[in-house]
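**Q** Below is the structure I would like to discuss, written out as structure tokens.
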Amino acid sequence: DAGVTQSPTHLIKTRGQHVTLRCSPISGHKSVSWYQQVLGQGPQFIFQYYEKEERGRGNFPDRFSARQFPNYSSELNVNALLLGDSALYLCASSLWQGKDTQYFGPGTRLTVL
Amino acid sequence: GENVEQHPSTLSVQEGDSAVIKCTYSDSASNYFPWYKQELGKRPQLIIDIRSNVGEKKDQRIAVTLNKTAKHFSLHITETQPEDSAVYFCAARPLRGGANNLFFGTGTRLTVIP
């Protein structure tokens with residue numbers, strides 16, 4: 001039973017660059033959410049996608065965007081990287097939107113230099 | 001929006017003792033309260049959750065209690081073991097617009113001393 005997978009595991013970028021992070025949900029799950037976890041803090045909600053549509057957005061600037069594909073996998077894009085974007089980016093999947101348990105992937109550790 | 005506060009930030013207990021972590025939330029529309037355990041460098045793992053129509057839920061050594069009136073919920077771990085050492089996060093999900101976003105507390109680092 002494969003869990004949520006994310007790629008890459010680690011990533012190092014410089015300020016101003018762009019990054020794309022990828023997530024594959026648990027088989028059969030149609031909802032994907034993205035979270036940012038800064039060191040020493042709890043995860044903070046960025047986006048939720050369900051059936052390829054954005055269903056929720058957290059308090060993040062427009063430099064952050066995401067999309068969901070027909071196979072329910074998802075990409076998170078961050079433009080014009082800042083030092084403060086350094087964090088663990090977590091993807092979570094759930095069966096459907098709204099009332100269900102979320103299962104987290106291992107995360108992508110992004111370092112911005 | 002929802003605001004979740006978690007206490008204590010660190011907790012050390014002797015092996016075999018109990019540990020209690022407490023959280024409060026602000027949004028009365030929140031109806032789902034999961035707890036996640038995160039070991040160093042690993043993903044958050046769901047250990048137990050409770051929905052607003054239940055006051056208490058237990059799974060072996062782990063239990064969660066919910067007081068909707070006071071807007072607080074707690075995690076109880078009995079007979080702690082060294083492998084329980086990790087950071088624990090509480091979270092709350094407001095039932096608004098169908099979105100499934102969780103609001104997390106700031107975490108409790110639990111250390112179980114052998």
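How things are named: the first chain in the structure tokens is A, the next is B, and so on; residues count from 1 in each chain; ligands count from 1 in the order shown.
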Give me the residues within 10 Å of Glu83 (chain B) as number ranges by chain, counting only C-alpha atoms and dropping any in the same chain fewer than 3 places off.
**A** B: 15, 39, 80, 86, 111-112, 114
**Q** Using C-alpha atoms, can you export the residues from the last selection as a PDB file, in the first residue's frame?
**A**
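Produced file selection-v3.pdb, reproduced below:
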ATOM      1  CA  GLU B  15       9.349   5.881  31.009  1.00  0.00           C
ATOM      2  CA  GLU B  39       9.905  12.132  14.412  1.00  0.00           C
ATOM      3  CA  THR B  80       5.078   6.054  27.888  1.00  0.00           C
ATOM      4  CA  ALA B  86       8.869  12.899  19.100  1.00  0.00           C
ATOM      5  CA  THR B 111      11.084  13.215  25.581  1.00  0.00           C
ATOM      6  CA  VAL B 112      10.623   9.898  27.374  1.00  0.00           C
ATOM      7  CA  PRO B 114      14.412   5.480  29.983  1.00  0.00           C
TER       8      PRO B 114
END
**Q** Residues of chain B within 8 Å of chain A, counting only C-alpha atoms - could you list those as number ranges by chain?
**A** B: 42-46, 89, 95, 98-107
**Q** For CA of Gly28 (chain A) and CA of Glu53 (chain A), quote the distance in Å rounded to one decimal.
**A**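 For CA of Gly28 (chain A) relative to CA of Glu53 (chain A), the distance reads 16.8 Å.
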**Q** Neighbouring residues of Val78 (chain A) were defined as those with any atom within 9 Å, considering only C-alpha atoms; residues of the same chain fewer than 6 positions away were excluded. Please report them as an mmCIF file with all heavy atoms, in the first residue's frame.
**A**
data_model
loop_
_atom_site.group_PDB
_atom_site.id
_atom_site.type_symbol
_atom_site.label_atom_id
_atom_site.label_comp_id
_atom_site.auth_asym_id
_atom_site.auth_seq_id
_atom_site.Cartn_x
_atom_site.Cartn_y
_atom_site.Cartn_z
ATOM 1 N N GLN A 17 15.159 32.447 -7.898
ATOM 2 C CA GLN A 17 14.886 31.319 -8.773
ATOM 3 C C GLN A 17 13.452 30.816 -8.578
ATOM 4 O O GLN A 17 12.716 31.269 -7.705
ATOM 5 C CB GLN A 17 15.870 30.178 -8.500
ATOM 6 C CG GLN A 17 17.267 30.431 -9.044
ATOM 7 C CD GLN A 17 18.135 29.194 -8.956
ATOM 8 O OE1 GLN A 17 18.232 28.553 -7.906
ATOM 9 N NE2 GLN A 17 18.783 28.858 -10.058
ATOM 10 N N HIS A 18 13.110 29.863 -9.431
ATOM 11 C CA HIS A 18 11.787 29.245 -9.395
ATOM 12 C C HIS A 18 11.939 27.768 -9.018
ATOM 13 O O HIS A 18 12.964 27.157 -9.343
ATOM 14 C CB HIS A 18 11.151 29.396 -10.779
ATOM 15 C CG HIS A 18 9.996 28.466 -11.027
ATOM 16 N ND1 HIS A 18 10.155 27.209 -11.575
ATOM 17 C CD2 HIS A 18 8.674 28.613 -10.792
ATOM 18 C CE1 HIS A 18 8.964 26.620 -11.671
ATOM 19 N NE2 HIS A 18 8.063 27.453 -11.210
ATOM 20 N N VAL A 19 10.920 27.200 -8.354
ATOM 21 C CA VAL A 19 10.997 25.801 -7.976
ATOM 22 C C VAL A 19 9.647 25.127 -8.210
ATOM 23 O O VAL A 19 8.592 25.758 -8.084
ATOM 24 C CB VAL A 19 11.421 25.656 -6.491
ATOM 25 C CG1 VAL A 19 10.344 26.157 -5.538
ATOM 26 C CG2 VAL A 19 11.790 24.222 -6.164
ATOM 27 N N THR A 20 9.703 23.846 -8.587
ATOM 28 C CA THR A 20 8.493 23.031 -8.750
ATOM 29 C C THR A 20 8.626 21.780 -7.902
ATOM 30 O O THR A 20 9.599 21.039 -8.023
ATOM 31 C CB THR A 20 8.289 22.624 -10.213
ATOM 32 O OG1 THR A 20 8.091 23.806 -11.001
ATOM 33 C CG2 THR A 20 7.058 21.730 -10.354
ATOM 34 N N LEU A 21 7.667 21.569 -7.047
ATOM 35 C CA LEU A 21 7.630 20.396 -6.185
ATOM 36 C C LEU A 21 6.475 19.510 -6.611
ATOM 37 O O LEU A 21 5.423 20.002 -7.012
ATOM 38 C CB LEU A 21 7.449 20.826 -4.715
ATOM 39 C CG LEU A 21 8.370 21.934 -4.207
ATOM 40 C CD1 LEU A 21 8.087 22.250 -2.749
ATOM 41 C CD2 LEU A 21 9.828 21.569 -4.417
ATOM 42 N N ASP A 62 1.140 35.568 -4.038
ATOM 43 C CA ASP A 62 0.845 35.035 -5.372
ATOM 44 C C ASP A 62 2.035 34.334 -6.013
ATOM 45 O O ASP A 62 1.883 33.703 -7.058
ATOM 46 C CB ASP A 62 0.371 36.163 -6.291
ATOM 47 C CG ASP A 62 -0.983 36.693 -5.868
ATOM 48 O OD1 ASP A 62 -1.671 35.992 -5.096
ATOM 49 O OD2 ASP A 62 -1.350 37.803 -6.295
ATOM 50 N N ARG A 63 3.211 34.455 -5.395
ATOM 51 C CA ARG A 63 4.379 33.728 -5.905
ATOM 52 C C ARG A 63 4.167 32.214 -5.783
ATOM 53 O O ARG A 63 4.848 31.432 -6.442
ATOM 54 C CB ARG A 63 5.632 34.101 -5.098
ATOM 55 C CG ARG A 63 6.007 35.552 -5.157
ATOM 56 C CD ARG A 63 7.330 35.828 -4.431
ATOM 57 N NE ARG A 63 7.264 35.552 -2.997
ATOM 58 C CZ ARG A 63 7.823 34.503 -2.398
ATOM 59 N NH1 ARG A 63 8.477 33.596 -3.100
ATOM 60 N NH2 ARG A 63 7.720 34.357 -1.086
ATOM 61 N N PHE A 64 3.242 31.835 -4.936
ATOM 62 C CA PHE A 64 2.925 30.414 -4.739
ATOM 63 C C PHE A 64 1.728 30.055 -5.614
ATOM 64 O O PHE A 64 0.706 30.761 -5.609
ATOM 65 C CB PHE A 64 2.582 30.135 -3.274
ATOM 66 C CG PHE A 64 3.751 30.189 -2.346
ATOM 67 C CD1 PHE A 64 4.285 31.409 -1.935
ATOM 68 C CD2 PHE A 64 4.334 29.027 -1.860
ATOM 69 C CE1 PHE A 64 5.372 31.462 -1.070
ATOM 70 C CE2 PHE A 64 5.411 29.069 -0.990
ATOM 71 C CZ PHE A 64 5.939 30.291 -0.598
ATOM 72 N N SER A 65 1.859 28.982 -6.364
ATOM 73 C CA SER A 65 0.750 28.499 -7.174
ATOM 74 C C SER A 65 0.813 26.976 -7.213
ATOM 75 O O SER A 65 1.838 26.370 -6.873
ATOM 76 C CB SER A 65 0.799 29.068 -8.593
ATOM 77 O OG SER A 65 1.970 28.637 -9.261
ATOM 78 N N ALA A 66 -0.272 26.373 -7.605
ATOM 79 C CA ALA A 66 -0.314 24.907 -7.657
ATOM 80 C C ALA A 66 -1.309 24.472 -8.710
ATOM 81 O O ALA A 66 -2.102 25.276 -9.214
ATOM 82 C CB ALA A 66 -0.675 24.336 -6.288
ATOM 83 N N ASP A 85 11.528 31.405 2.220
ATOM 84 C CA ASP A 85 10.786 30.261 1.660
ATOM 85 C C ASP A 85 11.446 28.940 2.042
ATOM 86 O O ASP A 85 10.887 27.871 1.758
ATOM 87 C CB ASP A 85 10.706 30.373 0.144
ATOM 88 C CG ASP A 85 9.889 31.563 -0.314
ATOM 89 O OD1 ASP A 85 8.969 31.982 0.428
ATOM 90 O OD2 ASP A 85 10.177 32.099 -1.412
#
**Q** Excluding region 3-6 of chain A and residues on its chain fewer than 5 positions from it, collect all residues at most 6 Å away from it, counting only C-alpha atoms, and give them as a list in words.
**A**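 My reading of the contact set: Arg22, Cys23, Ser24, Pro25, Ile26 and Gly105 of chain A.
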**Q** Which of these, B:Ile50, B:Leu110, B:Ala29, B:Val13, has the shortest distance to Glu79 (chain B) once you count only C-alpha atoms?
**A** B:Val13
**Q** Considering only C-alpha atoms, state which residue in the set A:Ser93, A:Leu39, A:Leu110, A:Lys30 is at the smallest distance from Pro70 (chain A).
**A**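 Closest to Pro70 (chain A) of all the choices is A:Lys30.
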